[in-house]
file query37.pdb (PDB, C-alpha atoms)
ATOM      1  CA  ALA A  19      20.483  24.453  14.431  1.00  0.00           C
ATOM      2  CA  GLN A  20      19.343  23.306  17.820  1.00  0.00           C
ATOM      3  CA  SER A  21      18.695  19.599  18.146  1.00  0.00           C
ATOM      4  CA  VAL A  22      18.711  16.671  20.541  1.00  0.00           C
ATOM      5  CA  THR A  23      19.777  13.145  19.634  1.00  0.00           C
ATOM      6  CA  GLN A  24      19.072  10.045  21.652  1.00  0.00           C
ATOM      7  CA  PRO A  25      21.071   7.331  19.867  1.00  0.00           C
ATOM      8  CA  ASP A  26      19.356   4.368  21.538  1.00  0.00           C
ATOM      9  CA  ILE A  27      15.758   3.680  20.568  1.00  0.00           C
ATOM     10  CA  HIS A  28      15.326   0.765  22.959  1.00  0.00           C
ATOM     11  CA  ILE A  29      17.392  -0.529  25.875  1.00  0.00           C
ATOM     12  CA  THR A  30      16.808  -3.583  28.052  1.00  0.00           C
ATOM     13  CA  VAL A  31      18.411  -3.747  31.488  1.00  0.00           C
ATOM     14  CA  SER A  32      18.206  -6.391  34.186  1.00  0.00           C
ATOM     15  CA  GLU A  33      16.573  -5.355  37.431  1.00  0.00           C
ATOM     16  CA  GLY A  34      19.250  -4.198  39.848  1.00  0.00           C
ATOM     17  CA  ALA A  35      21.744  -3.395  37.084  1.00  0.00           C
ATOM     18  CA  SER A  36      23.012   0.082  36.354  1.00  0.00           C
ATOM     19  CA  LEU A  37      21.591   2.230  33.601  1.00  0.00           C
ATOM     20  CA  GLU A  38      22.939   4.918  31.303  1.00  0.00           C
ATOM     21  CA  LEU A  39      20.799   6.614  28.659  1.00  0.00           C
ATOM     22  CA  ARG A  40      22.615   8.754  26.146  1.00  0.00           C
ATOM     23  CA  CYS A  41      21.723  12.230  25.007  1.00  0.00           C
ATOM     24  CA  ASN A  42      23.667  14.485  22.646  1.00  0.00           C
ATOM     25  CA  TYR A  43      22.697  18.026  21.788  1.00  0.00           C
ATOM     26  CA  SER A  44      23.520  20.718  19.295  1.00  0.00           C
ATOM     27  CA  TYR A  45      23.286  24.262  20.617  1.00  0.00           C
ATOM     28  CA  GLY A  46      25.284  27.447  20.166  1.00  0.00           C
ATOM     29  CA  ALA A  47      25.547  28.498  23.796  1.00  0.00           C
ATOM     30  CA  THR A  48      25.071  26.930  27.221  1.00  0.00           C
ATOM     31  CA  PRO A  49      21.906  24.846  26.913  1.00  0.00           C
ATOM     32  CA  TYR A  50      19.111  24.427  29.386  1.00  0.00           C
ATOM     33  CA  LEU A  51      18.708  20.640  29.483  1.00  0.00           C
ATOM     34  CA  PHE A  52      16.055  18.316  30.843  1.00  0.00           C
ATOM     35  CA  TRP A  53      15.219  14.661  31.197  1.00  0.00           C
ATOM     36  CA  TYR A  54      11.583  13.621  31.244  1.00  0.00           C
ATOM     37  CA  VAL A  55       9.981  10.200  31.725  1.00  0.00           C
ATOM     38  CA  GLN A  56       6.701   9.030  30.248  1.00  0.00           C
ATOM     39  CA  SER A  57       4.723   5.948  31.263  1.00  0.00           C
ATOM     40  CA  PRO A  58       2.315   4.493  28.683  1.00  0.00           C
ATOM     41  CA  GLY A  59      -0.638   6.761  28.015  1.00  0.00           C
ATOM     42  CA  GLN A  60       0.591   9.384  30.453  1.00  0.00           C
ATOM     43  CA  GLY A  61       2.103  12.835  30.301  1.00  0.00           C
ATOM     44  CA  LEU A  62       5.750  13.699  30.869  1.00  0.00           C
ATOM     45  CA  GLN A  63       7.276  13.828  34.332  1.00  0.00           C
ATOM     46  CA  LEU A  64      10.377  15.923  34.914  1.00  0.00           C
ATOM     47  CA  LEU A  65      13.276  13.849  36.272  1.00  0.00           C
ATOM     48  CA  LEU A  66      15.958  16.527  36.440  1.00  0.00           C
ATOM     49  CA  LYS A  67      17.278  19.681  34.844  1.00  0.00           C
ATOM     50  CA  TYR A  68      20.573  21.432  34.151  1.00  0.00           C
ATOM     51  CA  PHE A  69      20.755  25.187  33.844  1.00  0.00           C
ATOM     52  CA  SER A  70      24.254  26.058  35.064  1.00  0.00           C
ATOM     53  CA  GLY A  71      26.745  25.337  37.822  1.00  0.00           C
ATOM     54  CA  ASP A  72      27.589  21.841  38.989  1.00  0.00           C
ATOM     55  CA  THR A  73      27.704  19.553  35.973  1.00  0.00           C
ATOM     56  CA  LEU A  74      26.409  16.550  37.915  1.00  0.00           C
ATOM     57  CA  VAL A  75      22.740  17.032  38.715  1.00  0.00           C
ATOM     58  CA  GLN A  76      20.555  14.899  40.924  1.00  0.00           C
ATOM     59  CA  GLY A  77      16.931  14.219  40.180  1.00  0.00           C
ATOM     60  CA  ILE A  78      13.974  12.308  41.462  1.00  0.00           C
ATOM     61  CA  LYS A  79      13.682   8.520  41.736  1.00  0.00           C
ATOM     62  CA  GLY A  80      17.462   8.107  42.187  1.00  0.00           C
ATOM     63  CA  PHE A  81      18.403   9.430  38.737  1.00  0.00           C
ATOM     64  CA  GLU A  82      21.349  11.676  37.992  1.00  0.00           C
ATOM     65  CA  ALA A  83      22.784  13.224  34.840  1.00  0.00           C
ATOM     66  CA  GLU A  84      26.139  14.680  33.910  1.00  0.00           C
ATOM     67  CA  PHE A  85      26.567  17.637  31.586  1.00  0.00           C
ATOM     68  CA  LYS A  86      29.712  17.400  29.462  1.00  0.00           C
ATOM     69  CA  ARG A  87      30.215  20.463  27.301  1.00  0.00           C
ATOM     70  CA  SER A  88      33.226  19.005  25.470  1.00  0.00           C
ATOM     71  CA  GLN A  89      31.157  16.040  24.323  1.00  0.00           C
ATOM     72  CA  SER A  90      27.845  17.921  23.932  1.00  0.00           C
ATOM     73  CA  SER A  91      26.267  15.256  26.083  1.00  0.00           C
ATOM     74  CA  PHE A  92      23.847  15.027  28.973  1.00  0.00           C
ATOM     75  CA  ASN A  93      23.610  11.329  29.833  1.00  0.00           C
ATOM     76  CA  LEU A  94      21.131  10.010  32.370  1.00  0.00           C
ATOM     77  CA  ARG A  95      22.260   7.400  34.914  1.00  0.00           C
ATOM     78  CA  LYS A  96      20.854   5.259  37.685  1.00  0.00           C
ATOM     79  CA  PRO A  97      22.965   2.878  39.757  1.00  0.00           C
ATOM     80  CA  SER A  98      20.280   0.213  40.268  1.00  0.00           C
ATOM     81  CA  VAL A  99      17.205  -0.092  38.061  1.00  0.00           C
ATOM     82  CA  HIS A 100      13.818  -1.147  39.421  1.00  0.00           C
ATOM     83  CA  TRP A 101      11.053  -2.780  37.375  1.00  0.00           C
ATOM     84  CA  SER A 102       8.964   0.375  37.843  1.00  0.00           C
ATOM     85  CA  ASP A 103      11.558   2.366  35.859  1.00  0.00           C
ATOM     86  CA  ALA A 104      10.352   0.759  32.627  1.00  0.00           C
ATOM     87  CA  ALA A 105       9.090   3.691  30.561  1.00  0.00           C
ATOM     88  CA  GLU A 106      10.090   6.039  27.760  1.00  0.00           C
ATOM     89  CA  TYR A 107      12.725   8.657  28.513  1.00  0.00           C
ATOM     90  CA  PHE A 108      13.115  11.952  26.711  1.00  0.00           C
ATOM     91  CA  CYS A 109      16.002  14.375  26.695  1.00  0.00           C
ATOM     92  CA  ALA A 110      15.137  17.979  25.832  1.00  0.00           C
ATOM     93  CA  LEU A 111      16.559  21.477  25.661  1.00  0.00           C
ATOM     94  CA  TYR A 112      15.040  24.935  25.508  1.00  0.00           C
ATOM     95  CA  ASN A 113      15.213  26.943  22.314  1.00  0.00           C
ATOM     96  CA  GLN A 114      17.127  30.248  22.386  1.00  0.00           C
ATOM     97  CA  ALA A 115      14.135  32.246  23.566  1.00  0.00           C
ATOM     98  CA  GLY A 116      13.189  29.748  26.240  1.00  0.00           C
ATOM     99  CA  THR A 117       9.693  29.397  24.811  1.00  0.00           C
ATOM    100  CA  ALA A 118       9.820  25.894  23.365  1.00  0.00           C
ATOM    101  CA  LEU A 119      11.327  22.553  24.284  1.00  0.00           C
ATOM    102  CA  ILE A 120      13.178  20.606  21.611  1.00  0.00           C
ATOM    103  CA  PHE A 121      12.930  16.887  22.299  1.00  0.00           C
ATOM    104  CA  GLY A 122      14.928  13.872  21.294  1.00  0.00           C
ATOM    105  CA  LYS A 123      13.055  10.907  19.826  1.00  0.00           C
ATOM    106  CA  GLY A 124      13.113   9.096  23.134  1.00  0.00           C
ATOM    107  CA  THR A 125      14.581   5.862  24.512  1.00  0.00           C
ATOM    108  CA  THR A 126      12.295   3.052  25.627  1.00  0.00           C
ATOM    109  CA  LEU A 127      13.607   1.261  28.685  1.00  0.00           C
ATOM    110  CA  SER A 128      12.578  -2.315  29.388  1.00  0.00           C
ATOM    111  CA  VAL A 129      13.537  -3.980  32.657  1.00  0.00           C
ATOM    112  CA  SER A 130      13.977  -7.741  32.772  1.00  0.00           C
ATOM    113  CA  SER A 131      13.761  -9.829  35.921  1.00  0.00           C
TER     114      SER A 131
ATOM    115  CA  LYS V   5      -0.813  21.890  44.634  1.00  0.00           C
ATOM    116  CA  ALA V   6      -2.822  20.803  41.599  1.00  0.00           C
ATOM    117  CA  GLY V   7      -0.918  19.917  38.456  1.00  0.00           C
ATOM    118  CA  VAL V   8      -1.636  20.740  34.850  1.00  0.00           C
ATOM    119  CA  THR V   9      -5.118  19.599  33.888  1.00  0.00           C
ATOM    120  CA  GLN V  10      -6.093  18.738  30.345  1.00  0.00           C
ATOM    121  CA  THR V  11      -9.613  18.016  29.200  1.00  0.00           C
ATOM    122  CA  PRO V  12     -10.933  15.887  27.750  1.00  0.00           C
ATOM    123  CA  ARG V  13      -8.581  12.938  28.132  1.00  0.00           C
ATOM    124  CA  TYR V  14      -9.888  11.150  25.057  1.00  0.00           C
ATOM    125  CA  LEU V  15     -11.647  12.307  21.913  1.00  0.00           C
ATOM    126  CA  ILE V  16     -12.818  10.625  18.746  1.00  0.00           C
ATOM    127  CA  LYS V  17     -13.643  12.900  15.826  1.00  0.00           C
ATOM    128  CA  THR V  18     -14.461  12.475  12.172  1.00  0.00           C
ATOM    129  CA  ARG V  19     -12.356  13.815   9.339  1.00  0.00           C
ATOM    130  CA  GLY V  20     -13.349  17.369   8.471  1.00  0.00           C
ATOM    131  CA  GLN V  21     -14.670  18.216  11.920  1.00  0.00           C
ATOM    132  CA  GLN V  22     -13.020  20.626  14.308  1.00  0.00           C
ATOM    133  CA  VAL V  23     -11.955  20.088  17.903  1.00  0.00           C
ATOM    134  CA  THR V  24     -11.074  22.211  20.922  1.00  0.00           C
ATOM    135  CA  LEU V  25      -8.772  21.014  23.672  1.00  0.00           C
ATOM    136  CA  SER V  26      -8.416  22.703  27.038  1.00  0.00           C
ATOM    137  CA  CYS V  27      -5.509  23.145  29.424  1.00  0.00           C
ATOM    138  CA  SER V  28      -5.536  24.562  32.952  1.00  0.00           C
ATOM    139  CA  PRO V  29      -2.006  25.377  34.125  1.00  0.00           C
ATOM    140  CA  ILE V  30      -0.558  25.151  37.600  1.00  0.00           C
ATOM    141  CA  SER V  31      -1.710  28.067  39.710  1.00  0.00           C
ATOM    142  CA  GLY V  32       0.633  31.015  39.259  1.00  0.00           C
ATOM    143  CA  HIS V  33       2.077  29.781  35.984  1.00  0.00           C
ATOM    144  CA  ARG V  34       1.703  32.263  33.152  1.00  0.00           C
ATOM    145  CA  SER V  35       3.232  30.310  30.287  1.00  0.00           C
ATOM    146  CA  VAL V  36       1.384  27.524  28.518  1.00  0.00           C
ATOM    147  CA  SER V  37       2.789  25.559  25.617  1.00  0.00           C
ATOM    148  CA  TRP V  38       1.348  22.786  23.473  1.00  0.00           C
ATOM    149  CA  TYR V  39       3.019  19.756  21.920  1.00  0.00           C
ATOM    150  CA  GLN V  40       1.888  17.038  19.541  1.00  0.00           C
ATOM    151  CA  GLN V  41       3.198  13.530  20.112  1.00  0.00           C
ATOM    152  CA  THR V  42       3.005  10.869  17.422  1.00  0.00           C
ATOM    153  CA  PRO V  43       4.919   7.595  17.012  1.00  0.00           C
ATOM    154  CA  GLY V  44       6.496   8.777  13.770  1.00  0.00           C
ATOM    155  CA  GLN V  45       7.393  12.393  14.528  1.00  0.00           C
ATOM    156  CA  GLY V  46       7.848  12.227  18.283  1.00  0.00           C
ATOM    157  CA  LEU V  47       7.205  15.346  20.351  1.00  0.00           C
ATOM    158  CA  GLN V  48       6.749  18.487  18.297  1.00  0.00           C
ATOM    159  CA  PHE V  49       6.167  22.004  19.549  1.00  0.00           C
ATOM    160  CA  LEU V  50       2.909  23.656  18.470  1.00  0.00           C
ATOM    161  CA  PHE V  51       2.821  27.056  20.198  1.00  0.00           C
ATOM    162  CA  GLU V  52       3.479  28.913  23.429  1.00  0.00           C
ATOM    163  CA  TYR V  53       1.489  31.607  25.182  1.00  0.00           C
ATOM    164  CA  PHE V  54       2.532  33.958  27.929  1.00  0.00           C
ATOM    165  CA  SER V  55       0.105  36.419  29.491  1.00  0.00           C
ATOM    166  CA  GLU V  56      -2.371  35.929  26.635  1.00  0.00           C
ATOM    167  CA  THR V  57       0.237  36.592  23.922  1.00  0.00           C
ATOM    168  CA  GLN V  58       1.539  33.983  21.534  1.00  0.00           C
ATOM    169  CA  ARG V  59       5.326  34.199  21.777  1.00  0.00           C
ATOM    170  CA  ASN V  60       6.284  31.295  19.590  1.00  0.00           C
ATOM    171  CA  LYS V  61       4.715  29.006  17.014  1.00  0.00           C
ATOM    172  CA  GLY V  62       5.941  25.723  15.627  1.00  0.00           C
ATOM    173  CA  ASN V  63       5.861  24.518  12.066  1.00  0.00           C
ATOM    174  CA  PHE V  64       2.233  23.458  11.826  1.00  0.00           C
ATOM    175  CA  PRO V  65      -0.466  24.500   9.333  1.00  0.00           C
ATOM    176  CA  GLY V  66      -2.887  27.297  10.090  1.00  0.00           C
ATOM    177  CA  ARG V  67      -5.580  24.736  10.966  1.00  0.00           C
ATOM    178  CA  PHE V  68      -3.891  24.585  14.352  1.00  0.00           C
ATOM    179  CA  SER V  69      -4.576  27.596  16.531  1.00  0.00           C
ATOM    180  CA  GLY V  70      -4.643  28.468  20.167  1.00  0.00           C
ATOM    181  CA  ARG V  71      -5.397  31.134  22.690  1.00  0.00           C
ATOM    182  CA  GLN V  72      -4.829  31.944  26.314  1.00  0.00           C
ATOM    183  CA  PHE V  73      -7.246  33.583  28.678  1.00  0.00           C
ATOM    184  CA  SER V  74      -6.608  36.111  31.424  1.00  0.00           C
ATOM    185  CA  ASN V  75      -6.610  33.327  34.048  1.00  0.00           C
ATOM    186  CA  SER V  76      -3.813  31.601  32.051  1.00  0.00           C
ATOM    187  CA  ARG V  77      -6.038  28.750  30.945  1.00  0.00           C
ATOM    188  CA  SER V  78      -5.423  27.851  27.316  1.00  0.00           C
ATOM    189  CA  GLU V  79      -7.276  26.209  24.487  1.00  0.00           C
ATOM    190  CA  MET V  80      -6.077  24.844  21.214  1.00  0.00           C
ATOM    191  CA  ASN V  81      -8.275  24.323  18.212  1.00  0.00           C
ATOM    192  CA  VAL V  82      -7.796  22.141  15.190  1.00  0.00           C
ATOM    193  CA  SER V  83     -10.105  22.759  12.250  1.00  0.00           C
ATOM    194  CA  THR V  84     -10.833  20.517   9.275  1.00  0.00           C
ATOM    195  CA  LEU V  85      -9.382  17.469  10.974  1.00  0.00           C
ATOM    196  CA  GLU V  86      -7.245  15.054   8.991  1.00  0.00           C
ATOM    197  CA  LEU V  87      -6.376  11.451   9.812  1.00  0.00           C
ATOM    198  CA  GLY V  88      -2.799  12.536  10.437  1.00  0.00           C
ATOM    199  CA  ASP V  89      -3.923  14.772  13.293  1.00  0.00           C
ATOM    200  CA  SER V  90      -4.471  11.687  15.424  1.00  0.00           C
ATOM    201  CA  ALA V  91      -2.016  12.117  18.265  1.00  0.00           C
ATOM    202  CA  LEU V  92      -1.486  12.727  21.950  1.00  0.00           C
ATOM    203  CA  TYR V  93      -1.652  16.462  22.577  1.00  0.00           C
ATOM    204  CA  LEU V  94       0.299  17.601  25.603  1.00  0.00           C
ATOM    205  CA  CYS V  95       0.087  20.885  27.390  1.00  0.00           C
ATOM    206  CA  ALA V  96       2.853  22.216  29.620  1.00  0.00           C
ATOM    207  CA  SER V  97       2.902  25.134  32.002  1.00  0.00           C
ATOM    208  CA  SER V  98       5.750  27.089  33.514  1.00  0.00           C
ATOM    209  CA  LEU V  99       6.271  30.312  35.383  1.00  0.00           C
ATOM    210  CA  GLY V 100       7.564  31.796  32.144  1.00  0.00           C
ATOM    211  CA  GLY V 101       9.063  35.245  32.016  1.00  0.00           C
ATOM    212  CA  SER V 102      12.600  33.908  31.930  1.00  0.00           C
ATOM    213  CA  LYS V 103      14.383  30.990  30.371  1.00  0.00           C
ATOM    214  CA  GLY V 104      15.271  29.161  33.523  1.00  0.00           C
ATOM    215  CA  THR V 105      11.923  27.751  34.543  1.00  0.00           C
ATOM    216  CA  GLU V 106      10.995  24.134  34.093  1.00  0.00           C
ATOM    217  CA  ALA V 107       7.863  23.040  32.267  1.00  0.00           C
ATOM    218  CA  PHE V 108       5.332  20.719  33.871  1.00  0.00           C
ATOM    219  CA  PHE V 109       3.157  18.576  31.649  1.00  0.00           C
ATOM    220  CA  GLY V 110      -0.436  17.454  31.840  1.00  0.00           C
ATOM    221  CA  GLN V 111      -1.651  13.918  31.154  1.00  0.00           C
ATOM    222  CA  GLY V 112      -2.518  14.813  27.587  1.00  0.00           C
ATOM    223  CA  THR V 113      -5.548  14.519  25.348  1.00  0.00           C
ATOM    224  CA  ARG V 114      -5.621  11.507  23.059  1.00  0.00           C
ATOM    225  CA  LEU V 115      -7.273  12.570  19.795  1.00  0.00           C
ATOM    226  CA  THR V 116      -8.329   9.938  17.295  1.00  0.00           C
ATOM    227  CA  VAL V 117      -9.558  11.069  13.879  1.00  0.00           C
ATOM    228  CA  VAL V 118     -11.577   8.503  11.936  1.00  0.00           C
TER     229      VAL V 118
END

call {"tool": "encode", "arguments": {"input": "query37.pdb", "output": "structure tokens"}}
result
Amino acid sequence: AQSVTQPDIHITVSEGASLELRCNYSYGATPYLFWYVQSPGQGLQLLLKYFSGDTLVQGIKGFEAEFKRSQSSFNLRKPSVHWSDAAEYFCALYNQAGTALIFGKGTTLSVSS
Amino acid sequence: KAGVTQTPRYLIKTRGQQVTLSCSPISGHRSVSWYQQTPGQGLQFLFEYFSETQRNKGNFPGRFSGRQFSNSRSEMNVSTLELGDSALYLCASSLGGSKGTEAFFGQGTRLTVV
């Protein structure tokens, strides 16, 4: 079955510190993977995507993610977190037909000063 | 270029009523999908339309239905509302037609059932 797991429900990081949000997936073939961010009461904004090719993908707002097939992971990273990065982050993959996104439960990021 | 527009942004309805939510996709996008977001269940897929045809449906009761018009705009309808239908309903649009196209989300419609 296809699924996405985000092991961390809530993470707190100091402003200026590095960040890594974990995402593990279960999928029978090469997945199409995404990271989205959601601010309170808002929709989802696409941070980055992985379809194929280079396993290190760059996104908006200084985020990057690395696809590791051997570990079934697609972790999101940022070298230096800003207070405005506080939000909820979702990892997702397309179903086989490419008609539906399967989301993880999300990780809430808090940034302390 | 305009993003995905959902209307209304907020709705309060009474149990047993029905509601219709609207979604206007990004110009040129032919696929529209709908998701329900609740604190307990997270983001769950409702259905997806491409060129007026429903291609996929999630595991929701028949009270939840949708349609897509020739201009790609989409509506979803929930009949006989229950308290548990209170949620943020998100619409996403994509070019569709192939798997490798990213989905862009609207701001959502916050539905409260009382």

call {"tool": "residues_around", "arguments": {"input": "query37.pdb", "residues": "Pro49 of chain A", "least_positions_apart": "4", "cutoff": "8 Å", "atoms": "all atoms listed in the file", "output": "JSON, numbers by chain"}}
result
{"A": [45, 69, 111, 112]}

call {"tool": "resolve_selection", "arguments": {"input": "query37.pdb", "expression": "the PyMOL selection byres ((chain V and resi 21) around 6)", "output": "PyMOL selection string"}}
result
chain V and resi 18-20+22+84-85

call {"tool": "atom_distance", "arguments": {"input": "query37.pdb", "atom1": "atom CA of Arg59 of chain V", "atom2": "atom CA of Arg34 of chain V"}}
result
12.1 Å

call {"tool": "closest_residue", "arguments": {"input": "query37.pdb", "among": "V:Leu92, V:Ser97, V:Thr57, V:Glu106", "to": "Arg13 of chain V", "atoms": "all atoms listed in the file"}}
result
V:Leu92

call {"tool": "resolve_selection", "arguments": {"input": "query37.pdb", "expression": "the ChimeraX specification (/A :<12) & /V", "output": "number ranges by chain"}}
result
V: 7-10, 13-14, 34-54, 57-62, 91-114

call {"tool": "closest_residue", "arguments": {"input": "query37.pdb", "among": "A:Ser128, A:Lys96, A:Leu65, A:Gln24", "to": "Glu38 of chain A", "atoms": "all atoms listed in the file"}}
result
A:Lys96

call {"tool": "atom_distance", "arguments": {"input": "query37.pdb", "atom1": "atom CA of Arg71 of chain V", "atom2": "atom CA of Ser31 of chain V"}}
result
17.7 Å

call {"tool": "build_atoms", "arguments": {"input": "query37.pdb", "residues": "segment 82-91 of chain A", "atoms": "all heavy atoms", "output": "PDB file, in the frame of the given file"}}
result
ATOM      1  N   GLU A  82      20.425  10.564  38.089  1.00  0.00           N
ATOM      2  CA  GLU A  82      21.349  11.676  37.992  1.00  0.00           C
ATOM      3  C   GLU A  82      21.778  11.825  36.534  1.00  0.00           C
ATOM      4  O   GLU A  82      21.605  10.909  35.721  1.00  0.00           O
ATOM      5  CB  GLU A  82      22.590  11.473  38.869  1.00  0.00           C
ATOM      6  CG  GLU A  82      23.471  10.323  38.432  1.00  0.00           C
ATOM      7  CD  GLU A  82      24.720  10.184  39.301  1.00  0.00           C
ATOM      8  OE1 GLU A  82      24.708  10.578  40.477  1.00  0.00           O
ATOM      9  OE2 GLU A  82      25.732   9.674  38.766  1.00  0.00           O
ATOM     10  N   ALA A  83      22.302  12.995  36.199  1.00  0.00           N
ATOM     11  CA  ALA A  83      22.784  13.224  34.840  1.00  0.00           C
ATOM     12  C   ALA A  83      24.029  14.091  34.917  1.00  0.00           C
ATOM     13  O   ALA A  83      24.170  14.918  35.823  1.00  0.00           O
ATOM     14  CB  ALA A  83      21.713  13.894  33.986  1.00  0.00           C
ATOM     15  N   GLU A  84      24.903  13.905  33.951  1.00  0.00           N
ATOM     16  CA  GLU A  84      26.139  14.680  33.910  1.00  0.00           C
ATOM     17  C   GLU A  84      26.215  15.464  32.613  1.00  0.00           C
ATOM     18  O   GLU A  84      26.101  14.897  31.517  1.00  0.00           O
ATOM     19  CB  GLU A  84      27.361  13.773  34.035  1.00  0.00           C
ATOM     20  CG  GLU A  84      28.674  14.553  34.150  1.00  0.00           C
ATOM     21  CD  GLU A  84      29.854  13.690  34.507  1.00  0.00           C
ATOM     22  OE1 GLU A  84      29.739  12.453  34.443  1.00  0.00           O
ATOM     23  OE2 GLU A  84      30.911  14.264  34.848  1.00  0.00           O
ATOM     24  N   PHE A  85      26.403  16.756  32.735  1.00  0.00           N
ATOM     25  CA  PHE A  85      26.567  17.637  31.586  1.00  0.00           C
ATOM     26  C   PHE A  85      28.039  17.685  31.206  1.00  0.00           C
ATOM     27  O   PHE A  85      28.884  18.011  32.046  1.00  0.00           O
ATOM     28  CB  PHE A  85      26.069  19.045  31.940  1.00  0.00           C
ATOM     29  CG  PHE A  85      26.368  20.091  30.895  1.00  0.00           C
ATOM     30  CD1 PHE A  85      25.770  20.029  29.651  1.00  0.00           C
ATOM     31  CD2 PHE A  85      27.243  21.143  31.169  1.00  0.00           C
ATOM     32  CE1 PHE A  85      26.030  20.995  28.694  1.00  0.00           C
ATOM     33  CE2 PHE A  85      27.508  22.109  30.208  1.00  0.00           C
ATOM     34  CZ  PHE A  85      26.909  22.038  28.970  1.00  0.00           C
ATOM     35  N   LYS A  86      28.334  17.347  29.955  1.00  0.00           N
ATOM     36  CA  LYS A  86      29.712  17.400  29.462  1.00  0.00           C
ATOM     37  C   LYS A  86      29.738  18.278  28.219  1.00  0.00           C
ATOM     38  O   LYS A  86      29.368  17.841  27.117  1.00  0.00           O
ATOM     39  CB  LYS A  86      30.235  16.003  29.139  1.00  0.00           C
ATOM     40  CG  LYS A  86      30.426  15.120  30.355  1.00  0.00           C
ATOM     41  CD  LYS A  86      31.088  13.794  29.978  1.00  0.00           C
ATOM     42  CE  LYS A  86      31.317  12.940  31.228  1.00  0.00           C
ATOM     43  NZ  LYS A  86      31.961  11.642  30.890  1.00  0.00           N
ATOM     44  N   ARG A  87      30.211  19.497  28.408  1.00  0.00           N
ATOM     45  CA  ARG A  87      30.215  20.463  27.301  1.00  0.00           C
ATOM     46  C   ARG A  87      31.112  19.989  26.168  1.00  0.00           C
ATOM     47  O   ARG A  87      30.761  20.123  24.995  1.00  0.00           O
ATOM     48  CB  ARG A  87      30.681  21.835  27.797  1.00  0.00           C
ATOM     49  CG  ARG A  87      30.609  22.928  26.750  1.00  0.00           C
ATOM     50  CD  ARG A  87      31.291  24.192  27.241  1.00  0.00           C
ATOM     51  NE  ARG A  87      30.689  24.659  28.484  1.00  0.00           N
ATOM     52  CZ  ARG A  87      29.596  25.413  28.543  1.00  0.00           C
ATOM     53  NH1 ARG A  87      29.001  25.796  27.428  1.00  0.00           N
ATOM     54  NH2 ARG A  87      29.118  25.806  29.712  1.00  0.00           N
ATOM     55  N   SER A  88      32.257  19.412  26.498  1.00  0.00           N
ATOM     56  CA  SER A  88      33.226  19.005  25.470  1.00  0.00           C
ATOM     57  C   SER A  88      32.671  17.909  24.563  1.00  0.00           C
ATOM     58  O   SER A  88      33.078  17.786  23.403  1.00  0.00           O
ATOM     59  CB  SER A  88      34.517  18.528  26.130  1.00  0.00           C
ATOM     60  OG  SER A  88      34.265  17.396  26.937  1.00  0.00           O
ATOM     61  N   GLN A  89      31.745  17.128  25.103  1.00  0.00           N
ATOM     62  CA  GLN A  89      31.157  16.040  24.323  1.00  0.00           C
ATOM     63  C   GLN A  89      29.721  16.361  23.891  1.00  0.00           C
ATOM     64  O   GLN A  89      29.068  15.525  23.269  1.00  0.00           O
ATOM     65  CB  GLN A  89      31.165  14.744  25.142  1.00  0.00           C
ATOM     66  CG  GLN A  89      32.562  14.265  25.498  1.00  0.00           C
ATOM     67  CD  GLN A  89      32.547  13.029  26.391  1.00  0.00           C
ATOM     68  OE1 GLN A  89      31.570  12.299  26.461  1.00  0.00           O
ATOM     69  NE2 GLN A  89      33.646  12.794  27.102  1.00  0.00           N
ATOM     70  N   SER A  90      29.231  17.535  24.234  1.00  0.00           N
ATOM     71  CA  SER A  90      27.845  17.921  23.932  1.00  0.00           C
ATOM     72  C   SER A  90      26.885  16.825  24.369  1.00  0.00           C
ATOM     73  O   SER A  90      25.998  16.406  23.617  1.00  0.00           O
ATOM     74  CB  SER A  90      27.663  18.202  22.427  1.00  0.00           C
ATOM     75  OG  SER A  90      28.456  19.289  22.029  1.00  0.00           O
ATOM     76  N   SER A  91      27.086  16.363  25.601  1.00  0.00           N
ATOM     77  CA  SER A  91      26.267  15.256  26.083  1.00  0.00           C
ATOM     78  C   SER A  91      25.635  15.569  27.432  1.00  0.00           C
ATOM     79  O   SER A  91      26.132  16.409  28.193  1.00  0.00           O
ATOM     80  CB  SER A  91      27.086  13.977  26.177  1.00  0.00           C
ATOM     81  OG  SER A  91      28.043  14.066  27.231  1.00  0.00           O
TER      82      SER A  91
END
